[in-house]
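Participant: First the structure, then my questions, so here it is.
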Amino acid sequence: MKRMAKPKKAGKPELTPAQKTAQSWLPIRDLRDGCLFRPDGGVVAGIQISPFSLALKSERERTQAIQGFQAALSGLTVPWQLLSLYRPVDLDSYLASLDTATDAATGTRRRVLGDYARWVRQQVQAGDSVERRYYLLLTRTGRDAVAEHQQSLRGLIDDLQRIRGFRADVLTDAAWRELLFLMFHAGQAAVES
């Protein structure tokens, strides 16, 4: 007597072998609602912190900014981590505009613009045309992790916005994808948006 195969249950679609292979080495199960879901059950949310120069601030403002940031971090009740990444900057359109301006210029102005364009090209070729990105990542577990992240991040952003000149934004799904692309494909980050 021949046994009949059990029908597959409706639900999550079966992964292809290629998908199984890719997911086996990626530390990511899902990305939605501004959160990254890890295979171990951790739910990571975060904020992107825009850099600003402390050197341009007075001593009092510098002290207040540092103390304000320390106070915000001290108030966190979940595991957190600061992540700092360099991102190559695409200067192709800037160089094209410099070339156009150089072609249109005459005399000393043309020489100065040409020298400057060569210097910018050297910076690009040497890999020195980068910007630094900062991220504060927080991890929670449990069924309500997403809602808890959304609530706590609003309060954290409010605390950080009290620091004069400080700018921080909650990571959206699109910002997460950009961060992941930067981490996994750093060499392509300058040429692909």
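Naming works like this for the structure tokens: A, B, ... for the chains as they're shown, residue 1 at the start of each chain, ligands 1 onward in shown order.
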If we count only C-alpha atoms, what is near Phe37 of chain A at a cut-off of 12 Å, once residues fewer than 5 positions away on the same chain are taken out, given as number ranges by chain?
Facilitator: A: 26-32, 42-45, 138-143, 145-146, 173, 176
Participant: With only C-alpha atoms as the basis for distance, which of A:Phe181, A:Phe69, A:Tyr94, A:Tyr116 is at the shortest distance from Ile157 of chain A?
Facilitator: A:Phe69
Participant: Running DSSP on the backbone, which parts of chain A land in strand (DSSP E), as number ranges by chain?
Facilitator: A: 30-32, 35-37, 43-50, 80-88, 130-140, 167-170
Participant: With only C-alpha atoms as the basis for distance, which of A:Asp33, A:Glu14, A:Asp92, A:Glu59 is at the shortest distance from Ser129 of chain A?
Facilitator: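 So, comparing all the options, the nearest one is A:Asp92.
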Participant: Skip segment 74-83 of chain A itself and residues of its chain fewer than 3 positions away, then list as an mmCIF file with N, CA, C and O atoms, in the first residue's frame all residues within 12 Å of it, counting only C-alpha atoms.
Facilitator:
data_model
loop_
_atom_site.group_PDB
_atom_site.id
_atom_site.type_symbol
_atom_site.label_atom_id
_atom_site.label_comp_id
_atom_site.auth_asym_id
_atom_site.auth_seq_id
_atom_site.Cartn_x
_atom_site.Cartn_y
_atom_site.Cartn_z
ATOM 1 N N GLY A 42 16.490 38.468 19.458
ATOM 2 C CA GLY A 42 16.737 39.870 19.771
ATOM 3 C C GLY A 42 16.108 40.783 18.733
ATOM 4 O O GLY A 42 16.076 40.473 17.545
ATOM 5 N N VAL A 43 15.586 41.892 19.203
ATOM 6 C CA VAL A 43 14.995 42.906 18.322
ATOM 7 C C VAL A 43 15.823 44.176 18.515
ATOM 8 O O VAL A 43 15.898 44.706 19.624
ATOM 9 N N VAL A 44 16.443 44.635 17.440
ATOM 10 C CA VAL A 44 17.354 45.777 17.516
ATOM 11 C C VAL A 44 16.712 46.980 16.840
ATOM 12 O O VAL A 44 16.234 46.891 15.714
ATOM 13 N N ALA A 45 16.703 48.091 17.547
ATOM 14 C CA ALA A 45 16.249 49.367 16.994
ATOM 15 C C ALA A 45 17.369 50.361 17.227
ATOM 16 O O ALA A 45 18.308 50.086 17.985
ATOM 17 N N GLY A 46 17.297 51.494 16.581
ATOM 18 C CA GLY A 46 18.387 52.435 16.786
ATOM 19 C C GLY A 46 18.100 53.815 16.268
ATOM 20 O O GLY A 46 17.042 54.092 15.711
ATOM 21 N N ILE A 47 19.079 54.669 16.494
ATOM 22 C CA ILE A 47 19.014 56.035 16.004
ATOM 23 C C ILE A 47 20.321 56.349 15.283
ATOM 24 O O ILE A 47 21.374 55.798 15.602
ATOM 25 N N GLN A 48 20.218 57.202 14.278
ATOM 26 C CA GLN A 48 21.402 57.707 13.597
ATOM 27 C C GLN A 48 21.702 59.068 14.180
ATOM 28 O O GLN A 48 20.819 59.924 14.273
ATOM 29 N N ILE A 49 22.937 59.243 14.603
ATOM 30 C CA ILE A 49 23.356 60.488 15.224
ATOM 31 C C ILE A 49 24.178 61.271 14.210
ATOM 32 O O ILE A 49 25.171 60.767 13.687
ATOM 33 N N GLN A 67 27.981 65.976 28.822
ATOM 34 C CA GLN A 67 27.194 65.529 29.973
ATOM 35 C C GLN A 67 25.781 65.128 29.560
ATOM 36 O O GLN A 67 25.219 64.164 30.082
ATOM 37 N N GLY A 68 25.188 65.852 28.621
ATOM 38 C CA GLY A 68 23.849 65.505 28.142
ATOM 39 C C GLY A 68 23.829 64.150 27.457
ATOM 40 O O GLY A 68 22.921 63.343 27.657
ATOM 41 N N PHE A 69 24.855 63.875 26.636
ATOM 42 C CA PHE A 69 24.936 62.585 25.956
ATOM 43 C C PHE A 69 25.178 61.461 26.961
ATOM 44 O O PHE A 69 24.565 60.402 26.883
ATOM 45 N N GLN A 70 26.067 61.698 27.927
ATOM 46 C CA GLN A 70 26.313 60.701 28.971
ATOM 47 C C GLN A 70 25.043 60.420 29.762
ATOM 48 O O GLN A 70 24.750 59.261 30.085
ATOM 49 N N ALA A 71 24.274 61.450 30.078
ATOM 50 C CA ALA A 71 23.031 61.264 30.837
ATOM 51 C C ALA A 71 22.029 60.444 30.033
ATOM 52 O O ALA A 71 21.352 59.570 30.586
ATOM 53 N N TYR A 86 32.674 54.526 8.554
ATOM 54 C CA TYR A 86 33.041 55.465 7.506
ATOM 55 C C TYR A 86 32.299 55.080 6.235
ATOM 56 O O TYR A 86 32.179 53.905 5.916
ATOM 57 N N ARG A 132 31.730 60.200 8.225
ATOM 58 C CA ARG A 132 31.583 59.275 9.337
ATOM 59 C C ARG A 132 30.127 59.259 9.764
ATOM 60 O O ARG A 132 29.505 60.307 9.895
ATOM 61 N N ARG A 133 29.597 58.058 9.966
ATOM 62 C CA ARG A 133 28.218 57.887 10.410
ATOM 63 C C ARG A 133 28.225 57.260 11.802
ATOM 64 O O ARG A 133 29.038 56.384 12.084
ATOM 65 N N TYR A 134 27.324 57.715 12.650
ATOM 66 C CA TYR A 134 27.224 57.209 14.018
ATOM 67 C C TYR A 134 25.826 56.648 14.257
ATOM 68 O O TYR A 134 24.835 57.258 13.854
ATOM 69 N N TYR A 135 25.776 55.516 14.935
ATOM 70 C CA TYR A 135 24.508 54.861 15.242
ATOM 71 C C TYR A 135 24.517 54.399 16.695
ATOM 72 O O TYR A 135 25.535 53.917 17.188
ATOM 73 N N LEU A 136 23.377 54.544 17.360
ATOM 74 C CA LEU A 136 23.178 53.995 18.692
ATOM 75 C C LEU A 136 22.139 52.892 18.538
ATOM 76 O O LEU A 136 21.008 53.158 18.134
ATOM 77 N N LEU A 137 22.544 51.653 18.801
ATOM 78 C CA LEU A 137 21.675 50.494 18.613
ATOM 79 C C LEU A 137 21.275 49.923 19.962
ATOM 80 O O LEU A 137 22.122 49.759 20.844
ATOM 81 N N LEU A 138 19.989 49.626 20.118
ATOM 82 C CA LEU A 138 19.461 49.086 21.365
ATOM 83 C C LEU A 138 18.797 47.740 21.093
ATOM 84 O O LEU A 138 18.124 47.578 20.073
ATOM 85 N N THR A 139 18.955 46.798 22.024
ATOM 86 C CA THR A 139 18.422 45.457 21.835
ATOM 87 C C THR A 139 17.427 45.118 22.937
ATOM 88 O O THR A 139 17.683 45.347 24.116
ATOM 89 N N ARG A 140 16.305 44.568 22.522
ATOM 90 C CA ARG A 140 15.281 44.073 23.440
ATOM 91 C C ARG A 140 14.869 42.679 22.985
ATOM 92 O O ARG A 140 15.119 42.289 21.852
ATOM 93 N N THR A 141 14.182 41.971 23.878
ATOM 94 C CA THR A 141 13.592 40.685 23.530
ATOM 95 C C THR A 141 12.148 40.683 24.017
ATOM 96 O O THR A 141 11.751 41.527 24.808
ATOM 97 N N ALA A 145 8.637 43.888 22.130
ATOM 98 C CA ALA A 145 9.907 44.599 21.918
ATOM 99 C C ALA A 145 9.763 45.768 20.948
ATOM 100 O O ALA A 145 10.312 46.845 21.192
ATOM 101 N N GLU A 148 7.897 48.639 22.647
ATOM 102 C CA GLU A 148 8.753 49.210 23.683
ATOM 103 C C GLU A 148 9.861 50.052 23.059
ATOM 104 O O GLU A 148 10.198 51.123 23.572
ATOM 105 N N HIS A 149 10.442 49.558 21.963
ATOM 106 C CA HIS A 149 11.472 50.338 21.263
ATOM 107 C C HIS A 149 10.890 51.660 20.774
ATOM 108 O O HIS A 149 11.501 52.716 20.963
ATOM 109 N N SER A 152 10.403 54.044 23.750
ATOM 110 C CA SER A 152 11.639 54.510 24.401
ATOM 111 C C SER A 152 12.483 55.372 23.465
ATOM 112 O O SER A 152 13.147 56.310 23.913
ATOM 113 N N LEU A 153 12.457 55.089 22.172
ATOM 114 C CA LEU A 153 13.250 55.884 21.232
ATOM 115 C C LEU A 153 12.727 57.310 21.129
ATOM 116 O O LEU A 153 13.512 58.250 20.972
ATOM 117 N N GLY A 155 11.422 59.039 23.569
ATOM 118 C CA GLY A 155 11.954 59.724 24.745
ATOM 119 C C GLY A 155 13.444 59.999 24.625
ATOM 120 O O GLY A 155 13.930 61.078 25.004
ATOM 121 N N LEU A 156 14.180 59.042 24.073
ATOM 122 C CA LEU A 156 15.618 59.215 23.902
ATOM 123 C C LEU A 156 15.908 60.343 22.913
ATOM 124 O O LEU A 156 16.790 61.178 23.158
ATOM 125 N N ASP A 159 15.402 63.612 24.643
ATOM 126 C CA ASP A 159 16.537 63.925 25.521
ATOM 127 C C ASP A 159 17.727 64.436 24.728
ATOM 128 O O ASP A 159 18.375 65.411 25.109
ATOM 129 N N LEU A 160 18.028 63.775 23.615
ATOM 130 C CA LEU A 160 19.181 64.163 22.812
ATOM 131 C C LEU A 160 18.969 65.505 22.112
ATOM 132 O O LEU A 160 19.923 66.262 21.913
ATOM 133 N N LEU A 179 22.217 51.183 6.201
ATOM 134 C CA LEU A 179 23.242 50.776 7.164
ATOM 135 C C LEU A 179 23.743 49.364 6.858
ATOM 136 O O LEU A 179 24.952 49.116 6.849
ATOM 137 N N MET A 183 27.469 48.147 5.752
ATOM 138 C CA MET A 183 28.236 47.143 6.496
ATOM 139 C C MET A 183 28.666 45.978 5.612
ATOM 140 O O MET A 183 29.798 45.510 5.705
#
Participant: So how far away is atom CA of Gln122 of chain A from atom CA of Thr102 of chain A, in Å?
Facilitator: 16.9 Å
Participant: Here is a test: counting only C-alpha atoms, which residue of A:Ser93, A:Ser50, A:Asp103, A:Pro39 is nearest to Gln161 of chain A?
Facilitator: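 So, comparing all the options, the nearest one is A:Ser50.
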Participant: If you measure from atom CA of Leu113 of chain A to atom CA of Leu98 of chain A, what distance in Å do you get, rounded to one decimal?
Facilitator: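 These two atoms are separated by 7.1 Å.
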Participant: One decimal, Å: what's the distance from atom CA of Arg121 of chain A over to atom CA of Ser97 of chain A, could you say?
Facilitator: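 The value is 12.9 Å.
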